[in-house]
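Raw work-v4.tsv, TSV, C-alpha atoms:
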```
chain	number	residue	atom	x	y	z
W	9	MET	CA	155.44	132.48	87.78
W	10	SER	CA	154.90	133.55	91.32
W	11	THR	CA	152.26	136.11	90.32
W	12	ARG	CA	150.34	133.44	88.35
W	13	TYR	CA	150.30	131.19	91.39
W	14	THR	CA	149.07	133.99	93.49
W	15	ARG	CA	146.31	134.78	91.03
W	16	ARG	CA	145.35	131.11	90.88
W	17	THR	CA	145.27	130.93	94.65
W	18	VAL	CA	143.06	133.99	94.79
W	19	LEU	CA	140.74	132.53	92.16
W	20	ARG	CA	140.58	129.24	94.00
W	21	GLY	CA	139.85	131.07	97.17
W	22	MET	CA	137.09	133.07	95.50
W	23	SER	CA	135.48	130.03	93.95
W	24	LEU	CA	135.52	128.24	97.30
W	25	LEU	CA	133.96	131.29	98.87
W	26	SER	CA	131.21	131.47	96.28
W	27	LEU	CA	130.58	127.73	96.65
W	28	GLY	CA	130.15	128.30	100.33
W	29	LEU	CA	127.71	131.13	99.66
W	30	LEU	CA	125.80	129.07	97.13
W	31	ALA	CA	125.48	126.21	99.60
W	32	GLY	CA	124.34	128.77	102.15
W	33	CYS	CA	126.45	127.17	104.86
W	34	ASP	CA	126.47	130.25	106.98
W	35	ASP	CA	126.49	128.99	110.54
W	36	SER	CA	124.79	132.02	111.95
W	37	SER	CA	122.02	132.45	109.38
W	38	LYS	CA	118.48	132.29	110.59
W	39	LEU	CA	116.07	129.92	108.95
W	40	SER	CA	112.39	130.31	108.54
W	41	PHE	CA	110.32	127.20	109.10
W	42	LYS	CA	106.70	126.72	108.28
W	43	TYR	CA	105.85	124.65	111.33
W	44	GLY	CA	108.81	124.17	113.64
W	45	LYS	CA	110.86	126.59	115.68
W	46	ASP	CA	114.11	128.05	114.34
W	47	LEU	CA	116.86	127.21	116.83
W	48	SER	CA	119.74	128.44	114.64
W	49	ASP	CA	120.81	131.02	117.22
W	50	LYS	CA	120.74	128.56	120.13
W	51	ILE	CA	123.92	126.96	121.39
W	52	MET	CA	122.53	123.69	122.64
W	53	GLY	CA	123.43	120.03	122.67
W	54	ARG	CA	127.01	120.42	121.51
W	55	THR	CA	128.96	118.49	124.12
W	56	PHE	CA	126.88	115.45	125.04
W	57	LYS	CA	128.77	112.19	125.37
W	58	LEU	CA	126.64	109.08	125.67
W	59	LYS	CA	126.82	105.40	124.78
W	60	ASP	CA	125.03	103.49	122.04
W	61	ALA	CA	123.73	99.91	122.35
W	62	GLN	CA	127.19	98.50	121.57
W	63	GLY	CA	128.76	100.59	124.33
W	64	GLU	CA	130.49	102.94	121.87
W	65	THR	CA	130.78	106.56	122.95
W	66	LYS	CA	128.72	108.85	120.74
W	67	MET	CA	128.96	112.61	120.49
W	68	LEU	CA	127.41	115.11	118.13
W	69	THR	CA	130.53	114.93	115.93
W	70	SER	CA	129.95	111.17	115.53
W	71	TYR	CA	127.07	112.13	113.21
W	72	ARG	CA	128.92	114.59	110.98
W	73	GLY	CA	127.53	114.54	107.45
W	74	LEU	CA	124.20	113.27	108.73
W	75	MET	CA	121.23	115.30	109.91
W	76	PRO	CA	120.69	114.21	113.52
W	77	MET	CA	117.18	114.48	114.95
W	78	ILE	CA	117.31	114.00	118.70
W	79	PHE	CA	114.36	113.09	120.89
W	80	PHE	CA	114.28	112.38	124.63
W	81	GLY	CA	111.99	109.79	126.14
W	82	PHE	CA	111.69	106.41	127.84
W	83	THR	CA	110.34	103.08	126.71
W	84	GLN	CA	107.63	102.90	129.38
W	85	CYS	CA	106.11	106.01	127.86
W	86	PRO	CA	102.76	105.05	126.36
W	87	ALA	CA	102.01	108.08	124.30
W	88	VAL	CA	104.36	110.73	123.04
W	89	CYS	CA	107.47	108.53	122.66
W	90	PRO	CA	106.07	105.85	120.33
W	91	THR	CA	104.01	108.48	118.50
W	92	THR	CA	107.06	110.67	117.94
W	93	LEU	CA	109.24	107.75	116.84
W	94	ALA	CA	106.54	106.53	114.46
W	95	ARG	CA	106.23	110.08	113.12
W	96	ALA	CA	110.00	110.26	112.62
W	97	ALA	CA	109.94	106.98	110.69
W	98	GLN	CA	107.11	108.30	108.54
W	99	ALA	CA	108.86	111.64	107.91
W	100	LYS	CA	112.03	109.78	106.91
W	101	LYS	CA	110.00	107.79	104.37
W	102	LEU	CA	108.35	110.96	103.07
W	103	LEU	CA	111.81	112.43	102.40
W	104	GLY	CA	112.57	109.53	100.07
W	105	ARG	CA	116.26	109.18	99.24
W	106	ASP	CA	117.05	112.42	101.09
W	107	GLY	CA	115.77	110.70	104.20
W	108	GLU	CA	118.92	108.57	104.27
W	109	THR	CA	120.82	111.45	105.84
W	110	LEU	CA	118.27	111.84	108.64
W	111	GLN	CA	119.67	110.10	111.73
W	112	VAL	CA	117.04	109.69	114.41
W	113	ILE	CA	118.56	109.48	117.90
W	114	PHE	CA	116.48	108.53	120.92
W	115	ILE	CA	118.05	109.47	124.27
W	116	THR	CA	116.59	107.69	127.28
W	117	LEU	CA	115.61	109.77	130.29
W	118	ASP	CA	115.12	106.56	132.27
W	119	PRO	CA	118.54	104.81	132.20
W	120	GLU	CA	117.66	102.95	135.40
W	121	ARG	CA	114.97	100.91	133.62
W	122	ASP	CA	115.85	101.15	129.93
W	123	THR	CA	118.58	98.60	129.34
W	124	PRO	CA	120.76	99.22	126.26
W	125	GLU	CA	119.59	96.04	124.46
W	126	MET	CA	115.90	96.71	125.09
W	127	LEU	CA	116.29	100.36	124.08
W	128	ASP	CA	117.94	99.31	120.84
W	129	LYS	CA	115.19	96.81	119.99
W	130	TYR	CA	112.59	99.42	120.88
W	131	VAL	CA	113.86	102.16	118.55
W	132	LYS	CA	114.69	99.72	115.75
W	133	SER	CA	111.11	98.45	115.76
W	134	PHE	CA	110.20	101.85	114.30
W	135	ASP	CA	113.07	102.02	111.80
W	136	PRO	CA	116.21	99.89	111.67
W	137	SER	CA	118.36	103.01	111.17
W	138	PHE	CA	117.27	104.62	114.45
W	139	GLU	CA	119.79	104.78	117.28
W	140	ALA	CA	119.27	104.85	121.02
W	141	LEU	CA	121.74	106.46	123.39
W	142	HIS	CA	122.02	106.13	127.14
W	143	GLY	CA	124.20	107.47	129.91
W	144	THR	CA	124.50	107.35	133.67
W	145	LEU	CA	121.94	109.32	135.68
W	146	GLU	CA	124.43	112.20	135.85
W	147	GLU	CA	125.22	112.10	132.13
W	148	THR	CA	121.50	111.95	131.35
W	149	ALA	CA	120.82	114.97	133.55
W	150	ALA	CA	123.71	116.89	132.00
W	151	THR	CA	122.55	116.08	128.46
W	152	ALA	CA	118.95	117.08	129.18
W	153	LYS	CA	120.17	120.33	130.72
W	154	GLU	CA	122.31	121.04	127.68
W	155	PHE	CA	119.22	120.75	125.46
W	156	GLY	CA	116.97	122.61	127.85
W	157	VAL	CA	114.91	119.43	128.19
W	158	PHE	CA	112.72	119.25	131.27
W	159	TYR	CA	112.01	115.89	132.87
W	160	GLU	CA	110.89	114.65	136.24
W	161	LYS	CA	109.93	111.39	137.87
W	162	VAL	CA	106.28	111.19	138.83
W	163	PRO	CA	105.58	108.56	141.53
W	164	SER	CA	102.71	106.32	140.49
W	165	GLY	CA	101.75	103.77	143.14
W	166	SER	CA	104.60	101.31	143.51
W	167	THR	CA	106.25	102.55	140.33
W	168	TYR	CA	106.94	105.84	138.55
W	169	THR	CA	106.43	107.49	135.23
W	170	LEU	CA	108.16	110.50	133.68
W	171	SER	CA	106.98	113.87	132.50
W	172	HIS	CA	109.29	115.29	129.87
W	173	THR	CA	109.83	117.72	127.02
W	174	ALA	CA	108.53	116.20	123.80
W	175	THR	CA	110.44	118.38	121.31
W	176	SER	CA	112.60	116.81	118.58
W	177	TYR	CA	115.87	118.70	117.99
W	178	VAL	CA	117.30	118.75	114.47
W	179	PHE	CA	120.92	119.58	113.58
W	180	ASP	CA	122.20	120.27	110.07
W	181	SER	CA	124.89	118.07	108.55
W	182	ARG	CA	127.60	120.38	109.91
W	183	GLY	CA	126.42	119.99	113.48
W	184	ASN	CA	124.59	123.30	113.87
W	185	LEU	CA	121.34	123.12	115.79
W	186	ARG	CA	118.58	124.31	113.47
W	187	LEU	CA	115.07	123.18	114.22
W	188	GLY	CA	112.77	122.26	117.10
W	189	LEU	CA	109.76	120.13	116.17
W	190	SER	CA	106.88	120.09	118.60
W	191	ALA	CA	105.01	116.84	119.30
W	192	SER	CA	101.83	118.33	117.88
W	193	LEU	CA	103.13	118.42	114.30
W	194	THR	CA	102.32	115.76	111.71
W	195	ALA	CA	104.88	113.70	109.79
W	196	GLN	CA	104.13	115.76	106.65
W	197	GLU	CA	104.75	119.03	108.47
W	198	CYS	CA	108.00	117.68	109.94
W	199	ALA	CA	109.18	116.43	106.53
W	200	GLU	CA	108.62	119.86	105.03
W	201	ASP	CA	110.71	121.60	107.68
W	202	LEU	CA	113.38	118.89	107.50
W	203	ARG	CA	113.76	119.67	103.80
W	204	THR	CA	114.45	123.30	104.71
W	205	VAL	CA	117.29	122.13	106.99
W	206	MET	CA	118.65	119.90	104.20
W	207	GLU	CA	118.73	122.80	101.78
W	208	VAL	CA	121.04	124.74	104.10
W	209	CYS	CA	123.97	122.36	103.88
A	9	MET	CA	46.10	86.78	112.09
A	10	THR	CA	44.83	84.81	115.05
A	11	PHE	CA	44.39	86.18	118.52
A	12	ALA	CA	47.00	83.72	119.77
A	13	HIS	CA	49.46	84.99	117.19
A	14	ARG	CA	48.87	88.56	118.30
A	15	CYS	CA	49.41	87.58	121.89
A	16	LYS	CA	52.69	85.95	120.95
A	17	GLN	CA	53.78	89.12	119.16
A	18	LEU	CA	52.85	91.24	122.15
A	19	THR	CA	54.77	88.95	124.49
A	20	LEU	CA	57.78	89.11	122.23
A	21	GLY	CA	57.50	92.88	122.09
A	22	LEU	CA	57.29	93.12	125.86
A	23	ALA	CA	60.23	90.78	126.22
A	24	LEU	CA	62.28	92.96	123.91
A	25	ILE	CA	61.39	96.07	125.89
A	26	GLY	CA	62.39	94.18	129.02
A	27	LEU	CA	65.74	93.31	127.46
A	28	ALA	CA	66.29	96.90	126.44
A	29	PHE	CA	65.50	97.96	129.99
A	30	GLU	CA	67.95	95.41	131.37
A	31	ALA	CA	70.60	96.83	129.08
A	32	SER	CA	69.87	100.42	130.05
A	33	ALA	CA	72.65	100.66	132.64
A	34	GLN	CA	75.28	99.39	130.27
A	35	THR	CA	78.73	100.46	129.24
A	36	THR	CA	79.94	99.45	125.82
A	37	VAL	CA	83.61	99.16	124.93
A	38	ASN	CA	84.88	99.46	121.38
A	39	ASP	CA	88.17	99.32	119.48
A	40	ALA	CA	90.21	98.07	122.41
A	41	TRP	CA	93.88	97.67	121.57
A	42	VAL	CA	97.21	97.21	123.29
A	43	ARG	CA	100.53	98.40	121.96
A	44	ALA	CA	103.04	95.63	121.26
A	45	THR	CA	106.27	95.54	123.26
A	46	VAL	CA	109.83	94.47	122.51
A	47	ALA	CA	111.40	91.72	124.62
A	48	GLY	CA	112.23	92.98	128.07
A	49	GLN	CA	110.00	96.03	127.90
A	50	PRO	CA	108.15	95.99	131.22
A	51	SER	CA	105.06	98.03	130.38
A	52	THR	CA	102.70	99.14	127.68
A	53	GLY	CA	99.44	100.99	127.15
A	54	ALA	CA	95.88	99.84	126.45
A	55	PHE	CA	93.42	102.05	124.57
A	56	MET	CA	89.71	101.94	123.71
A	57	THR	CA	86.51	103.92	123.51
A	58	LEU	CA	83.81	103.66	126.16
A	59	GLN	CA	80.20	104.69	126.19
A	60	ALA	CA	77.94	104.43	129.22
A	61	SER	CA	74.16	104.69	129.01
A	62	ASP	CA	73.97	106.52	132.32
A	63	ASP	CA	76.53	108.54	134.24
A	64	SER	CA	79.21	106.04	135.22
A	65	GLN	CA	82.85	105.82	136.16
A	66	LEU	CA	85.65	103.54	135.05
A	67	LEU	CA	87.18	102.51	138.37
A	68	SER	CA	89.86	100.01	137.49
A	69	VAL	CA	91.21	97.58	134.94
A	70	GLN	CA	92.82	94.19	135.40
A	71	SER	CA	94.68	91.95	133.03
A	72	PRO	CA	96.28	88.54	133.51
A	73	ILE	CA	99.36	89.67	131.56
A	74	ALA	CA	100.28	92.50	133.95
A	75	ASN	CA	101.07	92.44	137.65
A	76	LEU	CA	99.94	96.02	137.98
A	77	VAL	CA	97.37	98.01	136.00
A	78	GLN	CA	96.83	101.74	136.45
A	79	ILE	CA	94.77	104.38	134.73
A	80	HIS	CA	96.86	107.38	133.71
A	81	GLU	CA	96.18	110.72	132.17
A	82	SER	CA	98.69	112.40	129.94
A	83	SER	CA	98.56	116.05	129.06
A	84	MET	CA	100.68	118.34	126.95
A	85	LYS	CA	101.67	121.85	127.95
A	86	ASP	CA	104.44	123.89	126.29
A	87	ASP	CA	105.55	120.69	124.54
A	88	VAL	CA	106.08	118.96	127.88
A	89	MET	CA	104.20	115.67	128.17
A	90	SER	CA	103.01	115.10	131.72
A	91	MET	CA	101.65	111.87	133.11
A	92	HIS	CA	99.81	111.09	136.29
A	93	GLN	CA	97.72	108.31	137.76
A	94	VAL	CA	93.98	108.92	138.20
A	95	ASP	CA	91.50	107.20	140.53
A	96	ALA	CA	88.70	106.96	138.00
A	97	VAL	CA	87.55	108.15	134.59
A	98	ALA	CA	84.12	109.80	134.36
A	99	LEU	CA	81.82	108.30	131.71
A	100	PRO	CA	79.01	110.82	131.23
A	101	ALA	CA	75.75	109.32	129.94
A	102	GLY	CA	75.74	108.80	126.21
A	103	LYS	CA	79.13	110.41	125.65
A	104	THR	CA	81.92	108.51	123.92
A	105	VAL	CA	85.02	108.66	126.08
A	106	SER	CA	88.25	107.83	124.34
A	107	LEU	CA	91.16	106.22	126.15
A	108	ASP	CA	93.95	107.09	123.75
A	109	PRO	CA	97.66	107.87	123.89
A	110	HIS	CA	96.94	111.57	124.32
A	111	GLY	CA	94.60	111.59	127.28
A	112	TYR	CA	93.36	108.89	129.63
A	113	HIS	CA	94.85	105.48	129.01
A	114	VAL	CA	95.39	102.19	130.76
A	115	MET	CA	98.95	101.30	131.76
A	116	LEU	CA	99.79	97.62	131.89
A	117	LEU	CA	102.83	97.54	134.19
A	118	ASP	CA	105.25	94.87	135.30
A	119	LEU	CA	104.29	92.70	132.34
A	120	LYS	CA	104.59	88.94	132.74
A	121	THR	CA	105.23	88.40	129.06
A	122	GLN	CA	106.14	90.15	125.83
A	123	VAL	CA	103.07	91.45	124.01
A	124	LYS	CA	103.20	90.59	120.33
A	125	GLU	CA	101.34	92.03	117.37
A	126	GLY	CA	98.30	90.00	116.36
A	127	GLU	CA	97.69	88.50	119.82
A	128	THR	CA	94.76	89.47	122.02
A	129	VAL	CA	95.01	90.65	125.59
A	130	PRO	CA	92.13	90.02	128.04
A	131	LEU	CA	91.12	93.06	130.06
A	132	THR	CA	88.54	93.28	132.83
A	133	LEU	CA	87.05	96.73	133.31
A	134	VAL	CA	85.26	97.65	136.52
A	135	VAL	CA	82.62	100.30	135.95
A	136	LYS	CA	80.38	101.92	138.59
A	137	ASN	CA	77.03	103.34	137.46
A	138	ALA	CA	75.11	106.28	138.89
A	139	LYS	CA	73.34	104.02	141.43
A	140	GLY	CA	76.69	102.87	142.73
A	141	GLU	CA	76.37	99.39	141.21
A	142	GLN	CA	79.60	97.88	139.97
A	143	GLN	CA	79.81	95.95	136.77
A	144	SER	CA	82.69	93.95	135.30
A	145	ILE	CA	83.22	94.07	131.57
A	146	GLN	CA	85.40	91.55	129.78
A	147	VAL	CA	87.25	92.90	126.78
A	148	GLU	CA	89.58	91.21	124.31
A	149	ALA	CA	92.04	93.86	123.17
A	150	LYS	CA	93.89	93.42	119.91
A	151	VAL	CA	97.64	93.90	119.97
A	152	LYS	CA	98.85	96.43	117.40
A	153	ALA	CA	102.43	97.00	116.25
A	154	LEU	CA	104.58	99.38	118.29
A	155	ASP	CA	104.38	102.00	115.57
A	156	GLY	CA	100.78	101.25	114.61
A	157	MET	CA	98.97	104.31	115.85
A	158	MET	CA	99.31	107.04	113.31
A	159	MET	CA	95.64	106.82	112.35
A	160	ASP	CA	93.22	109.15	114.09
A	161	HIS	CA	95.52	111.10	116.29
A	162	SER	CA	98.30	112.62	114.29
A	163	LYS	CA	97.61	115.79	116.27
A	164	MET	CA	97.99	115.97	120.01
A	165	HIS	CA	96.60	118.71	122.17
```
For this file, produce the structure as structure tokens.
Amino acid sequence: MSTRYTRRTVLRGMSLLSLGLLAGCDDSSKLSFKYGKDLSDKIMGRTFKLKDAQGETKMLTSYRGLMPMIFFGFTQCPAVCPTTLARAAQAKKLLGRDGETLQVIFITLDPERDTPEMLDKYVKSFDPSFEALHGTLEETAATAKEFGVFYEKVPSGSTYTLSHTATSYVFDSRGNLRLGLSASLTAQECAEDLRTVMEVC
Amino acid sequence: MTFAHRCKQLTLGLALIGLAFEASAQTTVNDAWVRATVAGQPSTGAFMTLQASDDSQLLSVQSPIANLVQIHESSMKDDVMSMHQVDAVALPAGKTVSLDPHGYHVMLLDLKTQVKEGETVPLTLVVKNAKGEQQSIQVEAKVKALDGMMMDHSKMH
């Protein structure tokens, strides 16, 4: 009896192992993307803790099972932010049903002016599934640093604007950072690389 | 054809030439649009194409919907989008200059009202020609949806 159990356990263990190999869920494996940058070997964006529009604390683990695509910006940004959000919405559509696992997350770099309600309306005008996160100035700075995102206030007369990194960061459904999408890519190009991430896990 | 008729034609022709001459120091504005905002969003961008018949400069823009209007230039380097205010935009003779989300654009700041898709926004452009003469151009810019811009500029450089 005991030997049979052992054999069964071994078999179960082996089948689990092979399943894992089949699914290719090797955390360290490198990926090759046609357009974006492989970030599989980068340890970035793992410990951020920000709030959503409802005031709930959100961390990377809050999105387990989904494929988070994180972009930093601010609502008074006339160019790259709306263009990138519109591109994300288009890429999500291009992915069809698979697109349901893509969770677009917009993190404001301008928490002083972007109120949670306005931020939420802003991102949801591109796609109702999009989420906006905000933090205090310190939390924002810490999160940007964690992602290697550059941003700075640029005084502009009586007001200011922001210069900032325009990369979108994509994690796989197990929370491993995988892909960096530059602002110059099209929705089609992004969708193609997003499929590569989906195939991993 | 009578002599009088010919004279009339000549006069008409001369008048047309005169009109064309009058219009020679002109700047034309096309495809002006403003991006819609969500409630509470204090600023947005205005975009258009401009063509001046002689070397001119776009000096400033005003709009009754914004307390402050600035001309900005955005540029992309190493995937970092940078923005700064400019004093003027050069409009070289005969060249179409595009104010779009990826280069020069007009920032409507401290908005007095939400800007909704389908509305029009009045803009007044102040342009200075090569002789230093200033001209005001009235433009009615169409408001497009927040995400309505994926047409000509899917690529940004």
One residue among W:Pro86, W:Gly44, W:Gly107, W:Pro119 is nearest to Cys198 (chain W) when using all atoms listed in the file, and that residue is W:Gly44
Please compute the CA of Lys152 (chain A)-CA of Asp108 (chain A) distance, one decimal, in Å.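 Atom-to-atom, CA of Lys152 (chain A) to CA of Asp108 (chain A), that is 13.3 Å.
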Near chain W, 7 Å: chain A residue rows, closest pairs, all atoms listed in the file, as a tab-separated table:
```
residue	atom	partner	partner_atom	distance
A:Val46	CA	W:Tyr130	CA	5.9
A:Ala47	CA	W:Met126	CA	6.7
A:Gly48	CA	W:Met126	CA	6.0
A:Gln49	CA	W:Met126	CA	6.6
A:Ser51	CA	W:Gln84	CA	5.6
A:Thr52	CA	W:Pro86	CA	6.1
A:Gly53	CA	W:Pro86	CA	5.3
A:Asp87	CA	W:Ala174	CA	5.4
A:Val88	CA	W:Thr173	CA	4.0
A:Met89	CA	W:His172	CA	5.4
A:Ser90	CA	W:Ser171	CA	4.2
A:Met91	CA	W:Ser171	CA	5.7
A:His92	CA	W:Val162	CA	7.0
A:Gln93	CA	W:Ser164	CA	6.0
A:Pro109	CA	W:Ala87	CA	4.4
A:His110	CA	W:Ala87	CA	6.2
A:Leu154	CA	W:Pro90	CA	6.9
A:Asp155	CA	W:Ala94	CA	5.1
A:Ser162	CA	W:Thr194	CA	5.7
A:Lys163	CA	W:Ser192	CA	5.2
A:Met164	CA	W:Ser192	CA	5.0
A:His165	CA	W:Ser192	CA	6.8
```
Please save C-alpha atoms of the selected residues as an mmCIF file, in the frame of the given file.
```
data_model
loop_
_atom_site.group_PDB
_atom_site.id
_atom_site.type_symbol
_atom_site.label_atom_id
_atom_site.label_comp_id
_atom_site.auth_asym_id
_atom_site.auth_seq_id
_atom_site.Cartn_x
_atom_site.Cartn_y
_atom_site.Cartn_z
ATOM 1 C CA VAL A 46 109.830 94.470 122.510
ATOM 2 C CA ALA A 47 111.400 91.720 124.620
ATOM 3 C CA GLY A 48 112.230 92.980 128.070
ATOM 4 C CA GLN A 49 110.000 96.030 127.900
ATOM 5 C CA SER A 51 105.060 98.030 130.380
ATOM 6 C CA THR A 52 102.700 99.140 127.680
ATOM 7 C CA GLY A 53 99.440 100.990 127.150
ATOM 8 C CA ASP A 87 105.550 120.690 124.540
ATOM 9 C CA VAL A 88 106.080 118.960 127.880
ATOM 10 C CA MET A 89 104.200 115.670 128.170
ATOM 11 C CA SER A 90 103.010 115.100 131.720
ATOM 12 C CA MET A 91 101.650 111.870 133.110
ATOM 13 C CA HIS A 92 99.810 111.090 136.290
ATOM 14 C CA GLN A 93 97.720 108.310 137.760
ATOM 15 C CA PRO A 109 97.660 107.870 123.890
ATOM 16 C CA HIS A 110 96.940 111.570 124.320
ATOM 17 C CA LEU A 154 104.580 99.380 118.290
ATOM 18 C CA ASP A 155 104.380 102.000 115.570
ATOM 19 C CA SER A 162 98.300 112.620 114.290
ATOM 20 C CA LYS A 163 97.610 115.790 116.270
ATOM 21 C CA MET A 164 97.990 115.970 120.010
ATOM 22 C CA HIS A 165 96.600 118.710 122.170
#
```
If we count all atoms listed in the file, what is near Ala101 (chain A) at a cut-off of 8 Å, once residues fewer than 2 positions away on the same chain are taken out, given as a PyMOL selection string? chain A and resi 59-64+99+103
What is the CA of Asp106 (chain W)-CA of Ser70 (chain W) distance in Å, reported with one decimal?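 It comes out at 19.4 Å.
What separates CA of Thr121 (chain A) from CA of Thr148 (chain W) is a distance of 28.7 Å.
Excluding Glu146 (chain W) itself and any same-chain residue fewer than 2 positions from it, the protein and nucleic acid residues within 12 Å of it, counting all atoms listed in the file, are Phe56, Lys57, Leu58, Leu117, Asp118, Pro119, Glu120, His142, Gly143, Thr144, Thr148, Ala149, Ala150, Thr151, Ala152 and Lys153 of chain W.
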Counting all atoms listed in the file, which of A:Ser106, A:Gln65, A:Gln146, A:Asn75 gets nearest to Ala33 (chain A)?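 Using all atoms listed in the file, Ala33 (chain A) sits closest to A:Gln65.
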For Asp201 (chain W), find every residue with an atom within 12 Å (counting all atoms listed in the file), except residues of its own chain fewer than 3 positions away, and show them as a PyMOL selection string. chain W and resi 39-46+99-100+102-103+177-180+186-190+193-198+204-208
Contacts of Val135 (chain A) within 6 Å, all atoms listed in the file, excl. fewer than 6 positions in-chain, as a PyMOL selection string: chain A and resi 65-67+142-143
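Each of A:Asn137, A:Thr104, A:Ser71, A:Thr57 was checked against Leu119 (chain A) using only C-alpha atoms; the smallest atom-to-atom distance is that of A:Ser71.
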Between A:Ile145, A:Leu58, A:Lys120, A:Lys136, which residue has the minimum interatomic distance to Gly102 (chain A), considering all atoms listed in the file?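 Among the listed residues, A:Leu58 lies closest to Gly102 (chain A).
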List as number ranges by chain the protein and nucleic acid residues near Leu76 (chain A), meaning an atom at most 8 Å away when all atoms listed in the file are counted, but skip any in the same chain fewer than 2 places from it. A: 70, 74, 78, 116-119
Centre and edge lengths of an axis-aligned box around all listed atoms of region 139-157 of chain A, with 5 Å added on each side, are to be given in Å to one decimal, as AutoDock Vina command-line options.
```
--center_x 89.0 --center_y 97.8 --center_z 128.7 --size_x 41.2 --size_y 23.1 --size_z 38.1
```
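Residues near the point (121.6, 100.4, 120.6), at a distance of 7 Å or less over all atoms listed in the file, make up Asp60, Ala61, Gln62, Pro124, Glu125, Leu127, Asp128, Glu139, Ala140 and Leu141 of chain W.
Minimum distance to Met67 (chain W) across W:Leu202, W:Leu47, W:Ile115, W:Ala96 (counting all atoms listed in the file) occurs at W:Ile115.
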